[in-house]
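Novice: Below is the file model-v6.txt, which contains compact mmCIF, C-alpha atoms.
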```txt
# COMPACT_ATOMS: atom_id res chain seq x y z
CA MET A 1 122.13 101.26 92.96
CA PRO A 2 121.80 102.06 89.25
CA LYS A 3 119.26 104.79 88.57
CA ARG A 4 117.31 102.86 85.99
CA GLU A 5 113.88 102.85 87.57
CA LEU A 6 110.81 101.73 85.65
CA ASN A 7 109.90 103.46 82.42
CA ARG A 8 110.10 100.98 79.53
CA PRO A 9 107.19 98.75 78.52
CA ASP A 10 109.47 95.72 78.12
CA GLN A 11 110.56 95.96 81.77
CA ILE A 12 107.06 95.04 82.91
CA GLU A 13 106.65 92.34 80.28
CA ASN A 14 109.99 90.76 81.22
CA TRP A 15 109.16 90.94 84.93
CA LEU A 16 105.83 89.15 84.40
CA THR A 17 107.43 86.54 82.16
CA THR A 18 110.06 85.81 84.81
CA MET A 19 107.47 85.75 87.57
CA GLY A 20 105.36 83.29 85.59
CA SER A 21 108.37 81.02 85.25
CA LEU A 22 109.14 81.20 88.99
CA LEU A 23 105.65 80.17 90.10
CA MET A 24 105.35 76.53 91.18
CA GLU A 25 101.55 76.58 91.04
CA GLU A 26 98.79 78.63 89.42
CA GLY A 27 98.64 82.22 90.60
CA GLU A 28 96.90 85.45 89.73
CA MET A 29 97.63 89.15 89.92
CA ILE A 30 95.86 92.39 89.14
CA LEU A 31 98.30 95.03 88.00
CA ILE A 32 97.47 98.71 88.61
CA GLY A 33 99.36 102.00 88.52
CA SER A 34 102.16 103.02 86.18
CA GLY A 35 103.21 99.43 85.64
CA ALA A 36 99.75 98.74 84.24
CA LEU A 37 100.14 101.64 81.79
CA LEU A 38 103.47 100.17 80.67
CA TRP A 39 101.81 96.75 80.31
CA HIS A 40 99.23 98.23 77.92
CA ALA A 41 102.02 100.01 76.05
CA PHE A 42 103.91 96.76 75.48
CA GLN A 43 100.79 94.94 74.27
CA LEU A 44 100.24 97.77 71.77
CA GLY A 45 103.81 97.56 70.51
CA VAL A 46 104.63 100.97 71.96
CA LYS A 47 108.31 101.48 72.78
CA ARG A 48 108.02 105.06 74.03
CA PRO A 49 109.11 105.21 77.70
CA LEU A 50 106.92 106.54 80.47
CA PRO A 51 107.58 110.32 80.60
CA GLU A 52 108.18 110.35 84.34
CA ASN A 53 109.93 107.27 85.70
CA SER A 54 108.18 105.05 88.19
CA MET A 55 109.95 103.48 91.17
CA ASP A 56 107.69 100.47 91.55
CA ALA A 57 105.08 98.12 90.16
CA ASP A 58 101.78 97.79 92.07
CA PRO A 59 100.27 94.28 92.02
CA ILE A 60 97.28 93.00 93.97
CA THR A 61 97.10 89.27 94.58
CA GLU A 62 95.37 86.60 96.61
CA SER A 63 97.92 83.95 95.58
CA GLU A 64 100.43 82.93 98.22
CA GLY A 65 103.06 82.05 95.64
CA VAL A 66 102.77 85.41 93.89
CA ALA A 67 102.89 87.29 97.21
CA GLU A 68 105.99 85.36 98.28
CA ILE A 69 107.83 86.33 95.12
CA CYS A 70 106.71 89.94 95.55
CA TYR A 71 108.07 89.97 99.12
CA ASP A 72 111.47 89.12 97.65
CA GLN A 73 111.19 92.06 95.24
CA MET A 74 110.23 94.83 97.64
CA ILE A 75 112.14 98.00 98.42
CA GLY A 76 115.70 97.30 99.52
CA SER A 77 115.75 93.83 97.93
CA GLU A 78 118.36 92.28 95.69
CA PHE A 79 115.77 92.52 92.92
CA GLU A 80 115.66 96.28 93.35
CA SER A 81 119.44 96.62 93.32
CA GLN A 82 119.54 94.65 90.07
CA GLU A 83 116.52 96.14 88.30
CA GLY A 84 116.46 99.69 89.69
CA TRP A 85 112.79 99.47 90.76
CA HIS A 86 110.81 97.41 93.23
CA VAL A 87 107.44 95.73 93.81
CA ASN A 88 104.89 97.37 96.08
CA LEU A 89 102.03 95.02 96.98
CA MET A 90 98.69 96.82 97.19
CA PRO A 91 95.55 95.80 99.13
CA LYS A 92 92.31 94.75 97.43
CA MET A 93 90.74 97.98 98.67
CA ALA A 94 92.77 99.84 96.03
CA LEU A 95 90.35 98.40 93.46
CA ASN A 96 87.58 100.49 95.04
CA GLU A 97 89.09 103.52 93.31
CA PHE A 98 87.81 102.06 90.04
CA PRO A 99 84.21 101.97 88.85
CA VAL A 100 82.42 98.76 89.89
CA ASP A 101 82.37 97.55 86.28
CA TRP A 102 86.13 97.94 85.70
CA GLU A 103 86.46 94.24 84.93
CA THR A 104 84.33 94.64 81.80
CA ARG A 105 87.12 96.84 80.37
CA ALA A 106 90.05 94.85 81.73
CA SER A 107 92.42 92.62 79.79
CA ARG A 108 93.98 89.35 80.79
CA LYS A 109 97.17 87.58 79.76
CA GLN A 110 98.80 84.33 80.79
CA TYR A 111 102.49 84.12 81.69
CA GLY A 112 103.20 80.47 82.41
CA LYS A 113 101.29 79.70 85.60
CA LEU A 114 100.59 83.38 86.25
CA THR A 115 97.33 84.99 85.12
CA VAL A 116 97.59 88.77 84.96
CA THR A 117 94.53 91.02 84.83
CA VAL A 118 95.02 94.66 83.95
CA PRO A 119 92.26 97.30 84.18
CA GLY A 120 91.61 99.45 81.12
CA VAL A 121 93.76 102.54 80.60
CA GLU A 122 90.93 104.91 81.47
CA ASP A 123 90.29 103.10 84.74
CA ILE A 124 94.00 103.05 85.62
CA MET A 125 94.05 106.82 85.18
CA ILE A 126 91.15 107.54 87.58
CA PRO A 127 93.21 107.57 90.82
CA LYS A 128 96.08 109.33 89.03
CA ARG A 129 93.77 112.07 87.77
CA LYS A 130 92.27 112.39 91.25
CA ARG A 131 95.76 112.87 92.71
CA GLY A 132 96.74 115.22 89.88
CA GLU A 133 100.44 115.57 90.68
CA PRO A 134 102.76 116.70 87.85
CA ARG A 135 103.89 113.12 87.18
CA ASP A 136 100.25 112.01 87.08
CA ARG A 137 99.50 114.63 84.44
CA LYS A 138 102.46 113.40 82.38
CA HIS A 139 101.15 109.86 82.73
CA ASP A 140 97.78 111.14 81.53
CA ASP A 141 99.49 112.38 78.36
CA TYR A 142 101.05 108.93 78.00
CA ALA A 143 97.63 107.31 78.47
CA ALA A 144 96.24 109.55 75.72
CA TYR A 145 99.13 108.50 73.45
CA LEU A 146 98.27 104.85 74.06
CA LYS A 147 94.85 105.47 72.53
CA SER A 148 96.41 106.32 69.16
CA PRO A 149 100.07 105.24 69.10
CA LYS A 150 101.95 105.84 65.87
CA THR A 151 102.93 102.18 65.53
CA PRO A 152 99.78 100.34 66.56
CA LYS A 153 99.84 96.59 66.84
CA LYS A 154 96.88 94.36 67.56
CA PRO A 155 97.19 93.38 71.21
CA PRO A 156 97.61 89.63 71.77
CA THR A 157 95.30 89.78 74.76
CA LYS A 158 91.65 89.09 75.18
CA LYS A 159 88.93 90.91 77.04
CA LEU A 160 87.71 89.27 80.20
CA GLN A 161 84.85 86.85 79.72
CA LYS A 162 82.10 87.51 82.23
CA MET B 1 89.31 88.57 92.55
CA THR B 2 86.69 91.25 92.08
CA THR B 3 85.68 94.57 93.60
CA GLN B 4 83.77 93.54 96.71
CA THR B 5 82.29 94.80 99.93
CA HIS B 6 84.63 94.97 102.89
CA PRO B 7 84.16 95.19 106.64
CA GLN B 8 83.52 98.84 107.56
CA ILE B 9 86.77 99.09 109.48
CA HIS B 10 88.69 98.47 106.25
CA GLU B 11 87.22 101.68 104.83
CA ARG B 12 88.84 103.60 107.67
CA LEU B 13 92.28 102.06 107.40
CA MET B 14 95.14 103.51 105.37
CA LEU B 15 96.09 101.49 102.30
CA HIS B 16 99.54 100.72 103.73
CA ASP B 17 97.93 99.37 106.91
CA LEU B 18 95.61 97.18 104.86
CA THR B 19 98.56 95.97 102.83
CA ARG B 20 100.41 94.84 105.93
CA LEU B 21 97.30 93.12 107.29
CA GLU B 22 96.16 91.43 104.06
CA TYR B 23 99.54 90.14 102.97
CA GLY B 24 100.59 89.31 106.52
CA ARG B 25 97.51 87.08 106.71
CA LEU B 26 98.17 85.55 103.30
CA MET B 27 101.76 84.67 104.23
CA TRP B 28 100.71 83.45 107.67
CA LYS B 29 98.55 80.71 106.10
CA ASN B 30 101.63 79.04 104.66
CA PRO B 31 103.74 77.41 107.40
CA LYS B 32 107.01 77.98 105.50
CA ALA B 33 106.21 81.63 104.77
CA ARG B 34 105.11 82.10 108.39
CA GLU B 35 108.37 80.64 109.72
CA ARG B 36 110.30 82.89 107.38
CA LEU B 37 108.46 85.98 108.58
CA LEU B 38 109.07 85.01 112.20
CA ARG B 39 112.78 84.52 111.49
CA HIS B 40 112.89 87.93 109.80
CA TRP B 41 111.02 89.73 112.57
CA ASN B 42 113.30 88.13 115.19
CA ASP B 43 116.47 88.82 113.21
CA HIS B 44 118.96 90.77 115.35
CA ARG B 45 119.11 93.41 112.58
CA HIS B 46 115.36 94.05 112.66
CA PRO B 47 114.70 97.34 114.48
CA TYR B 48 111.24 96.16 115.63
CA ARG B 49 112.60 92.91 117.11
CA ASN B 50 112.12 93.81 120.78
CA ARG B 51 108.81 95.54 120.13
CA PHE B 52 107.56 92.44 118.29
CA LYS B 53 108.39 90.27 121.31
CA ILE B 54 106.04 92.43 123.39
CA HIS B 55 103.19 92.45 120.86
CA GLN B 56 103.63 89.04 119.21
CA GLY B 57 100.46 87.60 120.76
CA ALA B 58 98.27 90.45 119.52
CA VAL B 59 99.90 90.37 116.08
CA GLU B 60 99.32 86.63 115.73
CA ARG B 61 95.73 87.11 116.90
CA ILE B 62 94.89 89.48 114.05
CA LEU B 63 96.90 87.55 111.46
CA THR B 64 94.93 84.38 112.21
CA ALA B 65 91.53 86.12 112.43
CA ASP B 66 88.81 85.78 109.78
CA PRO B 67 88.95 88.97 107.63
CA ALA B 68 85.14 88.95 107.29
CA GLN B 69 84.91 89.37 111.09
CA ASP B 70 87.24 92.37 111.29
CA ASP B 71 84.48 94.71 112.50
CA ASN B 72 83.83 92.40 115.46
CA LEU B 73 87.54 91.97 116.04
CA ASN B 74 87.97 95.74 116.10
CA GLN B 75 85.15 96.14 118.62
CA ASN B 76 86.71 93.48 120.84
CA LEU B 77 90.10 95.16 120.60
CA ILE B 78 88.56 98.55 121.43
CA ALA B 79 86.99 96.97 124.52
CA GLU B 80 90.52 95.90 125.43
CA GLU B 81 91.66 99.53 125.04
CA THR B 82 93.41 99.03 121.73
CA SER B 83 92.11 98.74 118.13
CA LEU B 84 92.64 96.81 114.93
CA ARG B 85 94.54 99.75 113.49
CA ALA B 86 96.81 99.96 116.52
CA VAL B 87 97.64 96.25 116.36
CA ILE B 88 98.22 96.37 112.60
CA ARG B 89 100.88 98.98 113.32
CA GLU B 90 102.61 96.36 115.47
CA ILE B 91 102.99 93.98 112.52
CA PRO B 92 106.68 94.53 111.82
CA PRO B 93 107.60 95.70 108.33
CA VAL B 94 109.66 93.50 106.02
CA PHE B 95 113.06 94.86 105.09
CA GLY B 96 114.13 93.84 101.61
CA SER B 97 117.79 94.32 102.46
CA PHE B 98 117.94 91.24 104.70
CA TYR B 99 114.62 89.45 104.16
CA LYS B 100 116.44 87.07 101.82
CA ASP B 101 118.53 85.86 104.77
CA SER B 102 115.38 84.66 106.56
CA ASN B 103 115.26 81.67 104.20
CA ARG B 104 117.68 79.99 106.60
CA PRO B 105 117.78 79.87 110.41
CA ASN B 106 119.06 82.99 112.17
CA PRO B 107 122.71 82.78 113.29
```
Let me see the structure of the file written as structure tokens.

Specialist:
Amino acid sequence: MPKRELNRPDQIENWLTTMGSLLMEEGEMILIGSGALLWHAFQLGVKRPLPENSMDADPITESEGVAEICYDQMIGSEFESQEGWHVNLMPKMALNEFPVDWETRASRKQYGKLTVTVPGVEDIMIPKRKRGEPRDRKHDDYAAYLKSPKTPKKPPTKKLQK
Amino acid sequence: MTTQTHPQIHERLMLHDLTRLEYGRLMWKNPKARERLLRHWNDHRHPYRNRFKIHQGAVERILTADPAQDDNLNQNLIAEETSLRAVIREIPPVFGSFYKDSNRPNP
């Protein structure tokens, strides 16, 4: 298996674009973890890779179609052997690590039939800061960089409408 | 999907247990996905195959249960000298290396 792993913002964007094209009906996903940081990076036009590679993307979904695709992209899958990283479905309870009002800071983007919601960078970092492992601290530096990247670009996303 | 209140038992489960329960239930709703899971879990390469045969009834019971009633379900299972957590552990994992083969009938 190639040791590519997940560290470039365009990897997440391409994955979501492909997933949106594979869906036969409307589906939704909340993206958390390192993949969510990379999502924000791409929307900001940041090309800098994540300082410590990630092995997986962490989606949460209630859509059968999205879950089915994710099952085909889990550890040991053909997807992983091709891409170098895998998909790790997370339970809804993982959202409890965020403040109750996380949705007011979240962003949303449409990829074909797939609606992706991504918590704000500060919220994404809460569980990472709590864990505080060396890679989490490096990701914290990356999160700080996303606040003032050298090549900012207006994100093509919109804040969630309550 | 929003942050919401959960049955109390969910607070005491590990995230990976909840993942197996939540997504097992989601897939179980769809007849095609359910058949695929059953083919995978009964695949001769699946190391939990024989264990699943023993616990299939209990696994199907929790996969078809109403998530909002999981506290009651757990109490009932405890009265039967098991628990929701113990049965969740009997939901076989999915192995990406040969899950793709479960799209067609087992040889």

Novice: So which residues touch Phe52 of chain B within 12 Å, counting only C-alpha atoms, skipping near sequence neighbours fewer than 5 positions away, as a PyMOL selection string?

Specialist: chain B and resi 37-44+46-47+57-60+87-93

Novice: Given the selection you just returned, output its residues as a file containing C-alpha atoms, formatted as a compact mmCIF listing (two decimals), in the frame of the given file.

Specialist:
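That gives us out.txt:
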```txt
# COMPACT_ATOMS: atom_id res chain seq x y z
CA LEU B 37 108.46 85.98 108.58
CA LEU B 38 109.07 85.01 112.20
CA ARG B 39 112.78 84.52 111.49
CA HIS B 40 112.89 87.93 109.80
CA TRP B 41 111.02 89.73 112.57
CA ASN B 42 113.30 88.13 115.19
CA ASP B 43 116.47 88.82 113.21
CA HIS B 44 118.96 90.77 115.35
CA HIS B 46 115.36 94.05 112.66
CA PRO B 47 114.70 97.34 114.48
CA GLY B 57 100.46 87.60 120.76
CA ALA B 58 98.27 90.45 119.52
CA VAL B 59 99.90 90.37 116.08
CA GLU B 60 99.32 86.63 115.73
CA VAL B 87 97.64 96.25 116.36
CA ILE B 88 98.22 96.37 112.60
CA ARG B 89 100.88 98.98 113.32
CA GLU B 90 102.61 96.36 115.47
CA ILE B 91 102.99 93.98 112.52
CA PRO B 92 106.68 94.53 111.82
CA PRO B 93 107.60 95.70 108.33
```

Novice: Once you count all atoms listed in the file, which residues of chain B turn out to be within 6 Å of chain A? Could you give them as a list in words?

Specialist: Leu18, Thr19, Gly96 and Ser97 of chain B

Novice: Kindly indicate which residue among B:Ala33, B:Ile9, B:Val94, B:Leu21 lies nearest to Arg61 of chain B, using only C-alpha atoms for the distances.

Specialist: B:Leu21

Novice: To one decimal in Å, tell me the separation between atom CA of Ser83 of chain B and atom CA of Asp58 of chain A.

Specialist: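 Atom-to-atom, atom CA of Ser83 of chain B to atom CA of Asp58 of chain A, that is 27.8 Å.
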
Novice: Using all atoms listed in the file, which residue out of A:Leu114, A:Ile69, A:Ala57, A:Ile32 lies closest to Thr17 of chain A?

Specialist: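 Among A:Leu114, A:Ile69, A:Ala57, A:Ile32, it is A:Leu114 that comes nearest to Thr17 of chain A.
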
Novice: To one decimal place in Å, what is the distance between atom CA of Phe98 of chain B and atom CA of Gly112 of chain A?

Specialist: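 Computed distance, atom CA of Phe98 of chain B to atom CA of Gly112 of chain A, equals 28.8 Å.
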